[in-house]
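A.B. asks: The following block contains the structure, expressed as structure tokens.
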Amino acid sequence: MSIPQQGGGPIEHSDQLAEYISSGEKPREDWRIGTEHEKFGYRKDDLKPLPYEGPTSIKAMLEGIGQRFGWDPVLEGENIIGLQKDGANVSLEPGGQLELSGAPVETIHQTCDEVNAHLAEVKSVADDMGAGFIGLGAAPIWHQDEMPMMPKGRYRLMTDYMDSVGTLGKQMMYRTCTVQVNLDFASEADMVQKMRVALALQPVATALFANSPFLDGKPNGMKSWRAHIWQNLDEARTGMLPFVFQDGFGYEAWVNYVLDVPMYFVYRDGKYINALGQSFRDFLKGKLPALPGEVPTLSDWADHMTTVFPEARVKKFIEMRGADGGPWRRLCALPALWVGLIYDQGALDAATDLIKGWTAEQREGLRRAAGKDALQGEFDGLKLHDIAREVLEIAEAGLKARAKPGAGGLVPDETHFLNALKESVATGRVPADELLAKYHGEWHGDLSKIYAEYSY
């Protein structure tokens with residue numbers, strides 16, 4: 001979840017909303033890669049989630065990382081809720097999931113180095129306090145009433161609202177983790193092409209990264225329970241967005257979509273003001289019930305844009321949102337997949353050709369098939385395993401064309417970061433399949449063994 005935006009004067013005309021997005025346009029040479037990933041923390045002595053306070057806690061983790069490795073604290077009131085250093089942020093999800101929002105970097109080599117350094121810092125502090133961290137798409141054993149709530153005003157508001165828009169919202173907030181990558185665009189037309197590829201192929205990422213087959217201590221019938229949650233949560237702000245594929249899609253169409261999403265809050269003077277269900281269109285007219293007479297600032301608009309949760313999202317960059325959190329190799333594979341697909345024009349055009357004949361019903365069908373069956377999923381003659389094979393070939397060609405070397409030039413490009421995904425396509429098995437095989441095999445149904453075997 002995002003840290004509140006700062007700065008930006010009052011919005012004086014509606015064109016500023018689209019201009020805010022277009023201000024993110026960058027020439028190709030300035031395109032960067034920002035990787036985000038979340039993980040669950042737990043106490044090693046009883047395998048319970050980390051509370052916010054105490055000797056073995058989220059607060060102690062944040063303070064320890066900050067003091068030991070030179071990160072600056074981010075506070076909400078008197079509570080530490082995050083860290084920042086050199087363009088990167090460490091933040092908290094509602095149930096204490098620890099998230100790294102990486103600095104924008106040029107290559108997959110650099111983003112993977114950043115992930116490695118962060119996980120080493122986390123492990124160093126966690127080991128000393130008897131804590132562990134694990135990468136999964138959903139908490140495998142913990143029940144909802146066991147999850148702590150982090151002291152962030154945004155989460156208190158959202159928790160109450162989730163019960164009014166479905167049954168799975170609090171599971172999403174407190175018991176899921178993701179890995180995503182944020183990528184740039186050069187122009188409105190470039191954004192449109194990338195968003196269409198991103199949305200249409202997000203089910204492939206969901207399938208390849210499926211890693212949440214357990215809930216409440218047993219198999220849940222899905223390879224990605226996290227994906228299942230998003231498929232059944234608050235239709236006003238989630239989904240595959242068929243309008244993105246219609247003629248005329250661009251910045252204004254995106255603005256109109258976001259304006260129609262009900263608000264959560266307004267952030268003022270360090271506090272979240274309840275604006276649940278209210279309209280940003282009314283806010284623009286100075287008629288927001290939560291702040292009568294006030295008009296929004298650009299930072300209010302930036303905040304509101306973070307409260308839409310489709311499978312891919314536009315801000316000043318594009319966010320790829322379909323993948324479960326997972327093991328180290330997949331934290332580096334996710335940015336490699338999307339950079340390969342959309343940062344080389346030849347690859348982007350090939351991906352566009354791949355998806356151009358799909359209907360909205362097929363895109364949605366693949367989305368649901370991916371959550372349930374991962375690479376074994378299919379819909380209306382489209383098989384995710386076959387699509388994934390072709391997608392990886394396109395991504396690999398894109399990374400080869402980028403030719404970004406690493407390890408002081410010893411590694412010629414970024415293609416090796418796809419190896420974990422190529423293994424999945426070769427075998428048809430994704431992390432969820434491996435976990436289920438362990439559960440039904442050598443673990444003999446004892447899911448507690450997942451912590452020792454799969455923690456970072």
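In the structure tokens, each chain is lettered A, B, ... as it comes, each chain's residues begin at 1, and ligands are numbered from 1 in order of appearance.
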Can you tell me which residues surround Ala333 of chain A at a distance of at most 9 Å, considering only C-alpha atoms, apart from same-chain residues fewer than 5 positions away, and format the answer as a list in words?
C.D. replies: Ile108, Cys112, Trp328, Trp338, His416, Phe417, Leu418, Asn419, Ala420 and Leu421 of chain A
A.B. asks: Could you write out the selected residues, including N, CA and C atoms, as an mmCIF file, in the first residue's frame?
C.D. replies:
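Saved the output as out.cif:
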```
data_model
loop_
_atom_site.group_PDB
_atom_site.id
_atom_site.type_symbol
_atom_site.label_atom_id
_atom_site.label_comp_id
_atom_site.auth_asym_id
_atom_site.auth_seq_id
_atom_site.Cartn_x
_atom_site.Cartn_y
_atom_site.Cartn_z
ATOM 1 N N ILE A 108 17.755 -5.304 -14.801
ATOM 2 C CA ILE A 108 17.302 -6.371 -13.902
ATOM 3 C C ILE A 108 18.430 -6.761 -12.950
ATOM 4 N N CYS A 112 17.724 -6.877 -8.979
ATOM 5 C CA CYS A 112 17.929 -8.126 -8.252
ATOM 6 C C CYS A 112 18.973 -7.950 -7.152
ATOM 7 N N TRP A 328 12.914 -16.306 -3.834
ATOM 8 C CA TRP A 328 13.864 -15.319 -4.348
ATOM 9 C C TRP A 328 13.931 -15.296 -5.862
ATOM 10 N N TRP A 338 8.370 -8.838 -17.531
ATOM 11 C CA TRP A 338 7.682 -7.673 -18.078
ATOM 12 C C TRP A 338 8.626 -6.726 -18.813
ATOM 13 N N HIS A 416 18.968 -14.733 -18.135
ATOM 14 C CA HIS A 416 19.031 -15.818 -17.144
ATOM 15 C C HIS A 416 18.033 -15.614 -16.005
ATOM 16 N N PHE A 417 17.543 -14.395 -15.836
ATOM 17 C CA PHE A 417 16.545 -14.169 -14.787
ATOM 18 C C PHE A 417 15.201 -14.821 -15.123
ATOM 19 N N LEU A 418 15.031 -15.276 -16.353
ATOM 20 C CA LEU A 418 13.824 -15.993 -16.739
ATOM 21 C C LEU A 418 13.907 -17.488 -16.474
ATOM 22 N N ASN A 419 15.045 -17.980 -16.006
ATOM 23 C CA ASN A 419 15.243 -19.429 -15.916
ATOM 24 C C ASN A 419 14.192 -20.126 -15.061
ATOM 25 N N ALA A 420 13.816 -19.527 -13.956
ATOM 26 C CA ALA A 420 12.809 -20.162 -13.097
ATOM 27 C C ALA A 420 11.491 -20.319 -13.842
ATOM 28 N N LEU A 421 11.145 -19.345 -14.668
ATOM 29 C CA LEU A 421 9.897 -19.415 -15.414
ATOM 30 C C LEU A 421 9.994 -20.413 -16.564
#
```
A.B. asks: Taking only C-alpha atoms into account, produce a table as a tab-separated table in which each residue of segment 216-271 of chain A with an atom at most 8 Å from an atom of segment 119-143 of chain A appears once, together with its shortest atom pair and the distance in Å to one decimal, ordered by chain and rising number.
C.D. replies:
```
residue	atom	partner	partner_atom	distance
A:Asp216	CA	A:Ile141	CA	4.5
A:Gly217	CA	A:Ile141	CA	4.0
A:Lys218	CA	A:Ile141	CA	7.4
A:Ser224	CA	A:Gly137	CA	7.1
A:Trp225	CA	A:Ala138	CA	6.8
A:Arg226	CA	A:Gly137	CA	5.9
```
A.B. asks: Return the single residue from A:Met158, A:Val179, A:Ala275, A:Met172 that is closest to His228 of chain A, with distances computed using only C-alpha atoms.
C.D. replies: A:Met172
A.B. asks: Do you know which residues are at most 6 Å from segment 312-320 of chain A counting only C-alpha atoms, after dropping those on the same chain fewer than 3 positions away, and could you put them as a PyMOL selection string?
C.D. replies: chain A and resi 21+24+180-184+199
A.B. asks: Under the rule that only C-alpha atoms are counted, which of A:Asp163, A:Asp413, A:Asp373, A:Asp190 is the nearest residue to Gly428 of chain A?
C.D. replies: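 Looking only at the distances to Gly428 of chain A, the closest residue turns out to be A:Asp373.
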A.B. asks: Considering only C-alpha atoms, can you say which of A:His118, A:Ile394, A:Ala388, A:Ala18 comes closest to Glu423 of chain A?
C.D. replies: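 Looking only at the distances to Glu423 of chain A, the closest residue turns out to be A:Ala388.
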A.B. asks: Find the residues of segment 295-359 of chain A that sit at most 9 Å from segment 33-43 of chain A; for each, write down the nearest two atoms and how far apart they are in Å, to one decimal. Count only C-alpha atoms. Sort by chain, then by number going up, and give it as CSV.
C.D. replies:
```
residue,atom,partner,partner_atom,distance
A:Gly325,CA,A:Glu38,CA,6.4
A:Gly326,CA,A:Lys39,CA,8.1
A:Leu331,CA,A:His37,CA,7.1
A:Cys332,CA,A:Thr35,CA,8.4
A:Leu334,CA,A:Thr35,CA,8.5
A:Pro335,CA,A:Thr35,CA,6.7
A:Val339,CA,A:Ile33,CA,7.9
```
A.B. asks: Would you output that residue set with C-alpha atoms, as a compact mmCIF listing (two decimals), in the first residue's frame?
C.D. replies:
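The result, written out as again-v7.txt:
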```
# COMPACT_ATOMS: atom_id res chain seq x y z
CA GLY A 325 4.68 -13.21 -3.69
CA GLY A 326 7.22 -16.00 -3.77
CA LEU A 331 11.29 -11.89 -7.21
CA CYS A 332 13.86 -11.28 -9.94
CA LEU A 334 8.84 -10.97 -12.46
CA PRO A 335 10.58 -7.76 -13.60
CA VAL A 339 10.81 -5.74 -19.06
```
